[in-house]
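Peer 1: Structure supplied as final25.pdb; contents: PDB, C-alpha atoms and all ligand atoms.
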```pdb
ATOM      1  CA  MET A  79     146.343  -6.074 116.532  1.00  0.00           C
ATOM      2  CA  THR A  80     147.677  -9.461 115.513  1.00  0.00           C
ATOM      3  CA  SER A  81     145.442 -12.499 115.535  1.00  0.00           C
ATOM      4  CA  SER A  82     147.172 -13.832 118.650  1.00  0.00           C
ATOM      5  CA  GLN A  83     146.006 -10.760 120.565  1.00  0.00           C
ATOM      6  CA  LEU A  84     142.413 -11.334 119.520  1.00  0.00           C
ATOM      7  CA  VAL A  85     142.023 -14.579 121.409  1.00  0.00           C
ATOM      8  CA  GLU A  86     142.915 -15.415 124.956  1.00  0.00           C
ATOM      9  CA  ILE A  87     143.062 -18.886 126.438  1.00  0.00           C
ATOM     10  CA  LEU A  88     141.953 -18.707 130.046  1.00  0.00           C
ATOM     11  CA  THR A  89     143.675 -20.808 132.689  1.00  0.00           C
ATOM     12  CA  GLU A  90     141.792 -23.521 134.550  1.00  0.00           C
ATOM     13  CA  VAL A  91     141.257 -21.121 137.462  1.00  0.00           C
ATOM     14  CA  GLU A  92     139.898 -18.332 135.249  1.00  0.00           C
ATOM     15  CA  SER A  93     137.691 -20.808 133.364  1.00  0.00           C
ATOM     16  CA  ARG A  94     136.353 -22.244 136.622  1.00  0.00           C
ATOM     17  CA  THR A  95     135.185 -18.771 137.715  1.00  0.00           C
ATOM     18  CA  ILE A  96     132.911 -18.675 134.673  1.00  0.00           C
ATOM     19  CA  LEU A  97     131.612 -22.213 135.325  1.00  0.00           C
ATOM     20  CA  ASP A  98     130.757 -21.065 138.818  1.00  0.00           C
ATOM     21  CA  LYS A  99     128.650 -18.205 137.505  1.00  0.00           C
ATOM     22  CA  TYR A 100     126.471 -20.779 135.724  1.00  0.00           C
ATOM     23  CA  LYS A 101     126.384 -23.125 138.732  1.00  0.00           C
ATOM     24  CA  ILE A 102     128.147 -25.947 136.928  1.00  0.00           C
ATOM     25  CA  PRO A 103     129.228 -28.348 139.677  1.00  0.00           C
ATOM     26  CA  GLN A 104     132.971 -28.591 140.202  1.00  0.00           C
ATOM     27  CA  ASN A 105     135.234 -30.220 142.729  1.00  0.00           C
ATOM     28  CA  LYS A 106     136.636 -28.286 145.690  1.00  0.00           C
ATOM     29  CA  TYR A 107     139.881 -26.497 144.855  1.00  0.00           C
ATOM     30  CA  LYS A 108     142.119 -23.644 145.955  1.00  0.00           C
ATOM     31  CA  PHE A 109     144.547 -21.585 143.924  1.00  0.00           C
ATOM     32  CA  THR A 110     147.816 -20.984 145.765  1.00  0.00           C
ATOM     33  CA  THR A 111     151.100 -19.268 144.986  1.00  0.00           C
ATOM     34  CA  CYS A 112     153.560 -20.766 147.447  1.00  0.00           C
ATOM     35  CA  LEU A 113     154.249 -24.109 149.095  1.00  0.00           C
ATOM     36  CA  GLU A 114     153.251 -22.942 152.576  1.00  0.00           C
ATOM     37  CA  ASP A 115     149.782 -21.818 151.442  1.00  0.00           C
ATOM     38  CA  THR A 116     149.362 -24.997 149.427  1.00  0.00           C
ATOM     39  CA  LEU A 117     150.057 -27.135 152.501  1.00  0.00           C
ATOM     40  CA  ASN A 118     147.651 -25.032 154.552  1.00  0.00           C
ATOM     41  CA  GLU A 119     144.866 -25.322 151.993  1.00  0.00           C
ATOM     42  CA  ALA A 120     145.465 -29.062 151.675  1.00  0.00           C
ATOM     43  CA  LYS A 121     144.602 -29.382 155.381  1.00  0.00           C
ATOM     44  CA  LYS A 122     141.106 -28.048 154.662  1.00  0.00           C
ATOM     45  CA  LEU A 123     140.436 -30.510 151.831  1.00  0.00           C
ATOM     46  CA  THR A 124     139.598 -34.219 151.854  1.00  0.00           C
ATOM     47  CA  TYR A 125     142.367 -36.559 150.653  1.00  0.00           C
ATOM     48  CA  PRO A 126     143.284 -37.919 148.152  1.00  0.00           C
ATOM     49  CA  LEU A 127     144.191 -34.661 146.430  1.00  0.00           C
ATOM     50  CA  VAL A 128     145.321 -33.518 142.995  1.00  0.00           C
ATOM     51  CA  MET A 129     147.766 -30.699 142.251  1.00  0.00           C
ATOM     52  CA  LYS A 130     147.957 -28.881 138.916  1.00  0.00           C
ATOM     53  CA  VAL A 131     150.127 -26.191 137.453  1.00  0.00           C
ATOM     54  CA  VAL A 132     148.545 -22.822 136.597  1.00  0.00           C
ATOM     55  CA  SER A 133     150.340 -20.933 133.836  1.00  0.00           C
ATOM     56  CA  LYS A 134     149.322 -18.988 130.744  1.00  0.00           C
ATOM     57  CA  LYS A 135     152.170 -20.814 128.991  1.00  0.00           C
ATOM     58  CA  ILE A 136     150.698 -24.260 129.640  1.00  0.00           C
ATOM     59  CA  VAL A 137     147.454 -25.235 127.949  1.00  0.00           C
ATOM     60  CA  HIS A 138     147.640 -29.032 128.261  1.00  0.00           C
ATOM     61  CA  LYS A 139     148.845 -29.394 131.813  1.00  0.00           C
ATOM     62  CA  SER A 140     149.448 -33.144 131.823  1.00  0.00           C
ATOM     63  CA  ASP A 141     151.742 -32.917 128.763  1.00  0.00           C
ATOM     64  CA  PHE A 142     154.116 -30.953 130.998  1.00  0.00           C
ATOM     65  CA  GLY A 143     153.933 -33.245 134.015  1.00  0.00           C
ATOM     66  CA  GLY A 144     151.765 -30.522 135.476  1.00  0.00           C
ATOM     67  CA  VAL A 145     149.047 -32.768 136.933  1.00  0.00           C
ATOM     68  CA  GLN A 146     149.907 -34.840 140.006  1.00  0.00           C
ATOM     69  CA  ILE A 147     147.072 -37.103 141.112  1.00  0.00           C
ATOM     70  CA  ASN A 148     146.274 -39.350 144.059  1.00  0.00           C
ATOM     71  CA  LEU A 149     148.271 -37.409 146.665  1.00  0.00           C
ATOM     72  CA  LYS A 150     147.624 -39.187 149.930  1.00  0.00           C
ATOM     73  CA  ASN A 151     149.335 -37.080 152.579  1.00  0.00           C
ATOM     74  CA  GLU A 152     151.146 -33.819 153.274  1.00  0.00           C
ATOM     75  CA  LYS A 153     154.515 -35.234 152.249  1.00  0.00           C
ATOM     76  CA  GLU A 154     153.120 -36.234 148.840  1.00  0.00           C
ATOM     77  CA  VAL A 155     151.639 -32.768 148.435  1.00  0.00           C
ATOM     78  CA  GLU A 156     155.036 -31.213 149.124  1.00  0.00           C
ATOM     79  CA  ASN A 157     156.734 -33.563 146.646  1.00  0.00           C
ATOM     80  CA  ALA A 158     154.102 -32.860 143.999  1.00  0.00           C
ATOM     81  CA  TYR A 159     154.732 -29.117 144.353  1.00  0.00           C
ATOM     82  CA  LYS A 160     158.454 -29.593 143.740  1.00  0.00           C
ATOM     83  CA  LYS A 161     157.809 -32.001 140.862  1.00  0.00           C
ATOM     84  CA  ILE A 162     155.495 -29.560 139.109  1.00  0.00           C
ATOM     85  CA  PHE A 163     158.068 -26.745 139.172  1.00  0.00           C
ATOM     86  CA  ASN A 164     160.811 -29.155 138.176  1.00  0.00           C
ATOM     87  CA  ASN A 165     158.785 -30.586 135.267  1.00  0.00           C
ATOM     88  CA  ALA A 166     158.005 -27.066 134.073  1.00  0.00           C
ATOM     89  CA  SER A 167     161.659 -26.093 134.119  1.00  0.00           C
ATOM     90  CA  LEU A 168     162.533 -29.272 132.159  1.00  0.00           C
ATOM     91  CA  ASN A 169     160.103 -27.922 129.558  1.00  0.00           C
ATOM     92  CA  ASN A 170     161.818 -24.515 129.577  1.00  0.00           C
ATOM     93  CA  ILE A 171     159.092 -22.830 131.586  1.00  0.00           C
ATOM     94  CA  SER A 172     160.591 -20.732 134.341  1.00  0.00           C
ATOM     95  CA  ALA A 173     159.131 -20.251 137.822  1.00  0.00           C
ATOM     96  CA  GLU A 174     158.234 -16.652 136.843  1.00  0.00           C
ATOM     97  CA  GLU A 175     155.995 -17.972 134.090  1.00  0.00           C
ATOM     98  CA  ILE A 176     154.003 -20.056 136.581  1.00  0.00           C
ATOM     99  CA  ASP A 177     151.150 -18.264 138.356  1.00  0.00           C
ATOM    100  CA  GLY A 178     150.842 -20.959 140.993  1.00  0.00           C
ATOM    101  CA  VAL A 179     149.068 -24.265 141.467  1.00  0.00           C
ATOM    102  CA  THR A 180     145.632 -25.551 142.281  1.00  0.00           C
ATOM    103  CA  ILE A 181     145.254 -28.037 145.070  1.00  0.00           C
ATOM    104  CA  GLN A 182     142.008 -29.912 144.640  1.00  0.00           C
ATOM    105  CA  GLU A 183     139.970 -32.867 145.759  1.00  0.00           C
ATOM    106  CA  MET A 184     140.261 -35.996 143.660  1.00  0.00           C
ATOM    107  CA  GLU A 185     136.920 -37.209 142.334  1.00  0.00           C
ATOM    108  CA  LYS A 186     136.034 -40.795 141.533  1.00  0.00           C
ATOM    109  CA  GLY A 187     133.325 -41.761 139.097  1.00  0.00           C
ATOM    110  CA  ILE A 188     132.251 -44.227 136.461  1.00  0.00           C
ATOM    111  CA  GLU A 189     133.525 -42.437 133.372  1.00  0.00           C
ATOM    112  CA  GLU A 190     135.246 -39.258 132.222  1.00  0.00           C
ATOM    113  CA  ILE A 191     133.105 -37.308 129.790  1.00  0.00           C
ATOM    114  CA  LEU A 192     133.875 -34.171 127.842  1.00  0.00           C
ATOM    115  CA  ILE A 193     131.524 -31.329 127.042  1.00  0.00           C
ATOM    116  CA  GLY A 194     132.718 -28.820 124.480  1.00  0.00           C
ATOM    117  CA  VAL A 195     131.440 -25.858 122.533  1.00  0.00           C
ATOM    118  CA  LYS A 196     132.668 -24.313 119.320  1.00  0.00           C
ATOM    119  CA  ARG A 197     131.131 -21.496 117.332  1.00  0.00           C
ATOM    120  CA  ASP A 198     130.525 -22.416 113.715  1.00  0.00           C
ATOM    121  CA  PRO A 199     130.212 -19.536 111.219  1.00  0.00           C
ATOM    122  CA  VAL A 200     127.200 -21.232 109.603  1.00  0.00           C
ATOM    123  CA  PHE A 201     125.530 -23.235 112.392  1.00  0.00           C
ATOM    124  CA  GLY A 202     126.372 -21.012 115.374  1.00  0.00           C
ATOM    125  CA  PRO A 203     127.242 -22.659 118.698  1.00  0.00           C
ATOM    126  CA  VAL A 204     127.828 -26.406 118.321  1.00  0.00           C
ATOM    127  CA  ILE A 205     127.919 -28.564 121.441  1.00  0.00           C
ATOM    128  CA  VAL A 206     130.057 -31.692 121.652  1.00  0.00           C
ATOM    129  CA  VAL A 207     129.664 -34.493 124.165  1.00  0.00           C
ATOM    130  CA  GLY A 208     131.832 -37.563 124.256  1.00  0.00           C
ATOM    131  CA  PHE A 209     134.214 -39.716 126.158  1.00  0.00           C
ATOM    132  CA  GLY A 210     136.908 -37.541 127.640  1.00  0.00           C
ATOM    133  CA  GLY A 211     139.929 -37.592 129.844  1.00  0.00           C
ATOM    134  CA  ILE A 212     143.297 -38.366 128.386  1.00  0.00           C
ATOM    135  CA  LEU A 213     141.917 -41.029 126.020  1.00  0.00           C
ATOM    136  CA  VAL A 214     139.942 -38.444 124.059  1.00  0.00           C
ATOM    137  CA  GLU A 215     142.437 -38.238 121.190  1.00  0.00           C
ATOM    138  CA  ILE A 216     142.535 -42.008 120.753  1.00  0.00           C
ATOM    139  CA  MET A 217     138.851 -42.807 121.177  1.00  0.00           C
ATOM    140  CA  LYS A 218     137.316 -39.892 119.237  1.00  0.00           C
ATOM    141  CA  ASP A 219     133.906 -41.027 120.444  1.00  0.00           C
ATOM    142  CA  ILE A 220     131.862 -37.829 120.313  1.00  0.00           C
ATOM    143  CA  SER A 221     128.473 -36.570 119.191  1.00  0.00           C
ATOM    144  CA  LEU A 222     127.629 -33.111 117.961  1.00  0.00           C
ATOM    145  CA  GLY A 223     124.510 -31.031 118.438  1.00  0.00           C
ATOM    146  CA  ILE A 224     123.546 -27.684 116.997  1.00  0.00           C
ATOM    147  CA  THR A 225     122.034 -25.281 119.535  1.00  0.00           C
ATOM    148  CA  PRO A 226     119.391 -24.722 120.746  1.00  0.00           C
ATOM    149  CA  LEU A 227     119.237 -28.213 122.218  1.00  0.00           C
ATOM    150  CA  ALA A 228     116.331 -29.487 124.287  1.00  0.00           C
ATOM    151  CA  GLU A 229     116.728 -32.112 126.989  1.00  0.00           C
ATOM    152  CA  LYS A 230     115.638 -34.927 124.672  1.00  0.00           C
ATOM    153  CA  ASP A 231     118.180 -33.853 122.010  1.00  0.00           C
ATOM    154  CA  ILE A 232     120.979 -34.140 124.576  1.00  0.00           C
ATOM    155  CA  TYR A 233     119.840 -37.613 125.663  1.00  0.00           C
ATOM    156  CA  LYS A 234     119.870 -38.565 121.979  1.00  0.00           C
ATOM    157  CA  MET A 235     123.440 -37.270 121.605  1.00  0.00           C
ATOM    158  CA  LEU A 236     124.523 -39.398 124.555  1.00  0.00           C
ATOM    159  CA  ARG A 237     122.792 -42.522 123.222  1.00  0.00           C
ATOM    160  CA  LYS A 238     124.600 -42.079 119.893  1.00  0.00           C
ATOM    161  CA  LEU A 239     128.018 -42.528 121.497  1.00  0.00           C
ATOM    162  CA  LYS A 240     129.675 -45.813 120.550  1.00  0.00           C
ATOM    163  CA  GLY A 241     130.576 -46.339 124.177  1.00  0.00           C
ATOM    164  CA  PHE A 242     127.117 -45.475 125.495  1.00  0.00           C
ATOM    165  CA  SER A 243     126.774 -48.891 127.134  1.00  0.00           C
ATOM    166  CA  LEU A 244     129.631 -47.878 129.463  1.00  0.00           C
ATOM    167  CA  LEU A 245     127.246 -45.266 130.886  1.00  0.00           C
ATOM    168  CA  ASP A 246     124.250 -47.552 130.835  1.00  0.00           C
ATOM    169  CA  GLY A 247     125.170 -50.349 133.198  1.00  0.00           C
ATOM    170  CA  PHE A 248     127.312 -52.455 130.852  1.00  0.00           C
ATOM    171  CA  ARG A 249     127.468 -56.085 132.110  1.00  0.00           C
ATOM    172  CA  GLY A 250     125.778 -55.284 135.369  1.00  0.00           C
ATOM    173  CA  SER A 251     128.017 -52.358 136.301  1.00  0.00           C
ATOM    174  CA  ALA A 252     126.462 -49.246 137.807  1.00  0.00           C
ATOM    175  CA  LYS A 253     124.500 -46.895 135.557  1.00  0.00           C
ATOM    176  CA  ALA A 254     125.903 -43.407 135.196  1.00  0.00           C
ATOM    177  CA  ASP A 255     124.002 -40.290 136.228  1.00  0.00           C
ATOM    178  CA  LEU A 256     122.840 -39.332 132.728  1.00  0.00           C
ATOM    179  CA  SER A 257     120.428 -36.657 133.903  1.00  0.00           C
ATOM    180  CA  SER A 258     123.267 -34.765 135.599  1.00  0.00           C
ATOM    181  CA  ILE A 259     125.179 -34.718 132.291  1.00  0.00           C
ATOM    182  CA  VAL A 260     122.111 -33.404 130.489  1.00  0.00           C
ATOM    183  CA  GLU A 261     121.597 -30.734 133.152  1.00  0.00           C
ATOM    184  CA  ILE A 262     125.201 -29.568 132.800  1.00  0.00           C
ATOM    185  CA  VAL A 263     124.979 -29.456 128.993  1.00  0.00           C
ATOM    186  CA  LEU A 264     121.914 -27.202 129.381  1.00  0.00           C
ATOM    187  CA  LYS A 265     123.913 -24.909 131.694  1.00  0.00           C
ATOM    188  CA  VAL A 266     126.760 -24.832 129.175  1.00  0.00           C
ATOM    189  CA  GLN A 267     124.247 -23.892 126.496  1.00  0.00           C
ATOM    190  CA  GLU A 268     122.916 -21.067 128.676  1.00  0.00           C
ATOM    191  CA  MET A 269     126.497 -19.877 129.156  1.00  0.00           C
ATOM    192  CA  ILE A 270     127.306 -19.843 125.465  1.00  0.00           C
ATOM    193  CA  ILE A 271     124.141 -17.896 124.688  1.00  0.00           C
ATOM    194  CA  ASN A 272     124.826 -15.323 127.421  1.00  0.00           C
ATOM    195  CA  GLU A 273     128.561 -14.902 126.867  1.00  0.00           C
ATOM    196  CA  PRO A 274     129.219 -13.843 123.273  1.00  0.00           C
ATOM    197  CA  LYS A 275     132.927 -13.429 124.048  1.00  0.00           C
ATOM    198  CA  ILE A 276     133.388 -17.139 124.685  1.00  0.00           C
ATOM    199  CA  LEU A 277     134.709 -18.639 121.445  1.00  0.00           C
ATOM    200  CA  GLU A 278     135.381 -22.118 122.737  1.00  0.00           C
ATOM    201  CA  LEU A 279     134.807 -24.087 125.891  1.00  0.00           C
ATOM    202  CA  ASP A 280     135.979 -27.500 127.018  1.00  0.00           C
ATOM    203  CA  ILE A 281     135.023 -29.227 130.217  1.00  0.00           C
ATOM    204  CA  ASN A 282     137.328 -32.244 130.151  1.00  0.00           C
ATOM    205  CA  PRO A 283     136.927 -34.261 132.159  1.00  0.00           C
ATOM    206  CA  LEU A 284     133.503 -34.139 133.667  1.00  0.00           C
ATOM    207  CA  ILE A 285     133.592 -36.988 136.151  1.00  0.00           C
ATOM    208  CA  VAL A 286     130.310 -38.851 135.949  1.00  0.00           C
ATOM    209  CA  LYS A 287     129.157 -40.767 138.984  1.00  0.00           C
ATOM    210  CA  GLU A 288     126.512 -43.406 139.575  1.00  0.00           C
ATOM    211  CA  ALA A 289     122.878 -42.542 138.903  1.00  0.00           C
ATOM    212  CA  GLY A 290     121.704 -40.169 141.624  1.00  0.00           C
ATOM    213  CA  ARG A 291     125.225 -38.996 142.540  1.00  0.00           C
ATOM    214  CA  GLY A 292     125.751 -36.301 139.935  1.00  0.00           C
ATOM    215  CA  SER A 293     128.690 -35.260 137.768  1.00  0.00           C
ATOM    216  CA  ILE A 294     131.564 -32.940 138.582  1.00  0.00           C
ATOM    217  CA  ALA A 295     133.825 -30.865 136.336  1.00  0.00           C
ATOM    218  CA  VAL A 296     137.486 -31.192 137.344  1.00  0.00           C
ATOM    219  CA  ASP A 297     139.066 -29.284 134.444  1.00  0.00           C
ATOM    220  CA  ALA A 298     137.941 -26.513 132.106  1.00  0.00           C
ATOM    221  CA  ARG A 299     139.451 -24.436 129.334  1.00  0.00           C
ATOM    222  CA  ILE A 300     137.755 -21.390 127.850  1.00  0.00           C
ATOM    223  CA  VAL A 301     138.923 -19.415 124.833  1.00  0.00           C
ATOM    224  CA  MET A 302     137.786 -15.775 124.786  1.00  0.00           C
ATOM    225  CA  GLY A 303     137.714 -13.645 121.685  1.00  0.00           C
TER     226      GLY A 303
HETATM  227  P1  LIG A 401     144.919 -31.304 131.203  1.00  0.00           P
HETATM  228  O1  LIG A 401     143.668 -31.591 130.413  1.00  0.00           O
HETATM  229  O2  LIG A 401     145.266 -29.849 131.152  1.00  0.00           O
HETATM  230  O3  LIG A 401     146.075 -32.165 130.806  1.00  0.00           O
HETATM  231  P2  LIG A 401     143.406 -32.200 133.552  1.00  0.00           P
HETATM  232  O4  LIG A 401     143.111 -31.256 134.658  1.00  0.00           O
HETATM  233  O5  LIG A 401     142.280 -32.559 132.658  1.00  0.00           O
HETATM  234  O6  LIG A 401     144.656 -31.617 132.744  1.00  0.00           O
HETATM  235  O7  LIG A 401     144.015 -33.520 134.194  1.00  0.00           O
HETATM  236  C1  LIG A 401     144.406 -34.631 133.417  1.00  0.00           C
HETATM  237  C2  LIG A 401     143.712 -35.899 133.913  1.00  0.00           C
HETATM  238  O8  LIG A 401     143.956 -36.064 135.305  1.00  0.00           O
HETATM  239  C3  LIG A 401     142.199 -35.881 133.778  1.00  0.00           C
HETATM  240  O9  LIG A 401     141.775 -36.330 132.513  1.00  0.00           O
HETATM  241  C4  LIG A 401     141.768 -36.807 134.890  1.00  0.00           C
HETATM  242  O10 LIG A 401     141.903 -38.168 134.481  1.00  0.00           O
HETATM  243  C5  LIG A 401     142.794 -36.556 135.960  1.00  0.00           C
HETATM  244  N1  LIG A 401     142.303 -35.554 136.938  1.00  0.00           N
HETATM  245  C6  LIG A 401     142.574 -34.243 136.949  1.00  0.00           C
HETATM  246  N2  LIG A 401     141.982 -33.627 137.998  1.00  0.00           N
HETATM  247  C7  LIG A 401     141.317 -34.579 138.671  1.00  0.00           C
HETATM  248  C8  LIG A 401     140.506 -34.586 139.849  1.00  0.00           C
HETATM  249  N3  LIG A 401     140.296 -33.498 140.570  1.00  0.00           N
HETATM  250  N4  LIG A 401     139.956 -35.772 140.238  1.00  0.00           N
HETATM  251  C9  LIG A 401     140.189 -36.900 139.552  1.00  0.00           C
HETATM  252  N5  LIG A 401     140.945 -36.966 138.440  1.00  0.00           N
HETATM  253  C10 LIG A 401     141.509 -35.816 137.986  1.00  0.00           C
HETATM  254 MG    MG A 402     141.667 -31.663 130.884  1.00  0.00          MG
END
```
Before anything else, please render the file you have as structure tokens.
Ligand code: ADP
Ligand code: MG

Peer 2:
Amino acid sequence: MTSSQLVEILTEVESRTILDKYKIPQNKYKFTTCLEDTLNEAKKLTYPLVMKVVSKKIVHKSDFGGVQINLKNEKEVENAYKKIFNNASLNNISAEEIDGVTIQEMEKGIEEILIGVKRDPVFGPVIVVGFGGILVEIMKDISLGITPLAEKDIYKMLRKLKGFSLLDGFRGSAKADLSSIVEIVLKVQEMIINEPKILELDINPLIVKEAGRGSIAVDARIVMG
């Protein structure tokens, strides 16, 4: 066996199935494999919608033009479908290499947070929280915690973030639902303890809403080994 056969990067859809098992809140979505089904599923969801490519060949979907957001009607959904396949082919990914798409509800919140886990050979599972979304690479505003983490440890990790004030009602803006983030980190911790085959996990972004309104994962990537 080569090293590439020892690890498998799960697609968003596969990763979401595992999040579901641990009751981590996620937005409504459907996986579809043709335009007709996608249009039918879109009818059952609340606009605006988001469409994303699902392919084992594509790990960072937005790098490939594989994430189309803010779709406001059926026509835009149809166009997004065509765009996604076209963008993939521009990146030398053929239609056969695409499993399908997800059509999902677009969530609005105060901030995009990331929750990640890596297994360290010395420290064991290490949990990362930080500011997420597409700015993650530029901001690098994260805090680390070695498991097991108690609720108060997770609050401490959040308060350590340079941008914490953005979650804490900066200049009179709404406060973010911190307790929902903490609750989700605890669920992630439970997952990593129960699933020894998970090498890495990234929920990015977790869309954090106003205090009392919760947080919702809209993307996930799990690496199995
Ligand atoms: P990837 O990380 O593979 O590039 P994502 O699914 O994270 O793709 O999408 C990229 C960005 O698009 C996210 O960081 C977020 O800003 C936005 N986005 C994706 N899905 C949703 C959604 N359901 N609701 C709101 N914004 C979304
Ligand atoms: Mg993402």

Peer 1: In Å, with one decimal, what is the gap from CA of Tyr107 in chain A to CA of Thr180 in chain A?

Peer 2: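 Taking CA of Tyr107 in chain A as the start and CA of Thr180 in chain A as the end point, the length is 6.4 Å.
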
Peer 1: Identify all residues satisfying the PyMOL selection byres (((not hetatm)) within 12 of (chain A and resi 402)) in the given file; provide them as a count of residues only.

Peer 2: 37

Peer 1: Decode the PyMOL selection byres (((chain A and resi 259) around 10) and not hetatm) for the given file into explicit residues and return them as a list in words.

Peer 2: Ile191, Leu192, Ile193, Val207, Ile232, Tyr233, Leu236, Ala254, Asp255, Leu256, Ser257, Ser258, Val260, Glu261, Ile262, Val263, Leu264, Lys265, Leu284, Ile285, Val286, Lys287, Gly292, Ser293 and Ile294 of chain A

Peer 1: Using all atoms listed in the file, which of the listed residues (A:Lys160, A:Lys234, A:Lys99, A:Lys218) sits closest to Cys112 in chain A?

Peer 2: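 The closest residue to Cys112 in chain A is A:Lys160.
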
Peer 1: Around the point (126.1, -47.1, 130.2), in the coordinates given by the file, pick out the residues reaching within 12 Å, counting all atoms listed in the file, and return them as a list in words.

Peer 2: Ile188, Glu189, Phe209, Leu236, Arg237, Lys238, Leu239, Lys240, Gly241, Phe242, Ser243, Leu244, Leu245, Asp246, Gly247, Phe248, Arg249, Gly250, Ser251, Ala252, Lys253, Ala254, Asp255, Leu256, Val286, Lys287, Glu288 and Ala289 of chain A

Peer 1: When you draw a straight line from CA of Phe142 in chain A to CA of Ala166 in chain A, how long is it in Å?

Peer 2: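 Those two atoms sit 6.3 Å apart.
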
Peer 1: Applying the PyMOL selection byres (((chain A and resi 301) around 7) and not hetatm) to the file I just gave you, which residues come out? Please list them as a PyMOL selection string.

Peer 2: chain A and resi 85-88+276-279+299-300+302-303

Peer 1: When you draw a straight line from CA of Glu185 in chain A to atom N5 of ligand LIG 401 (chain A), how long is it in Å?

Peer 2: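 Between CA of Glu185 in chain A and atom N5 of ligand LIG 401 (chain A) the gap is 5.6 Å.
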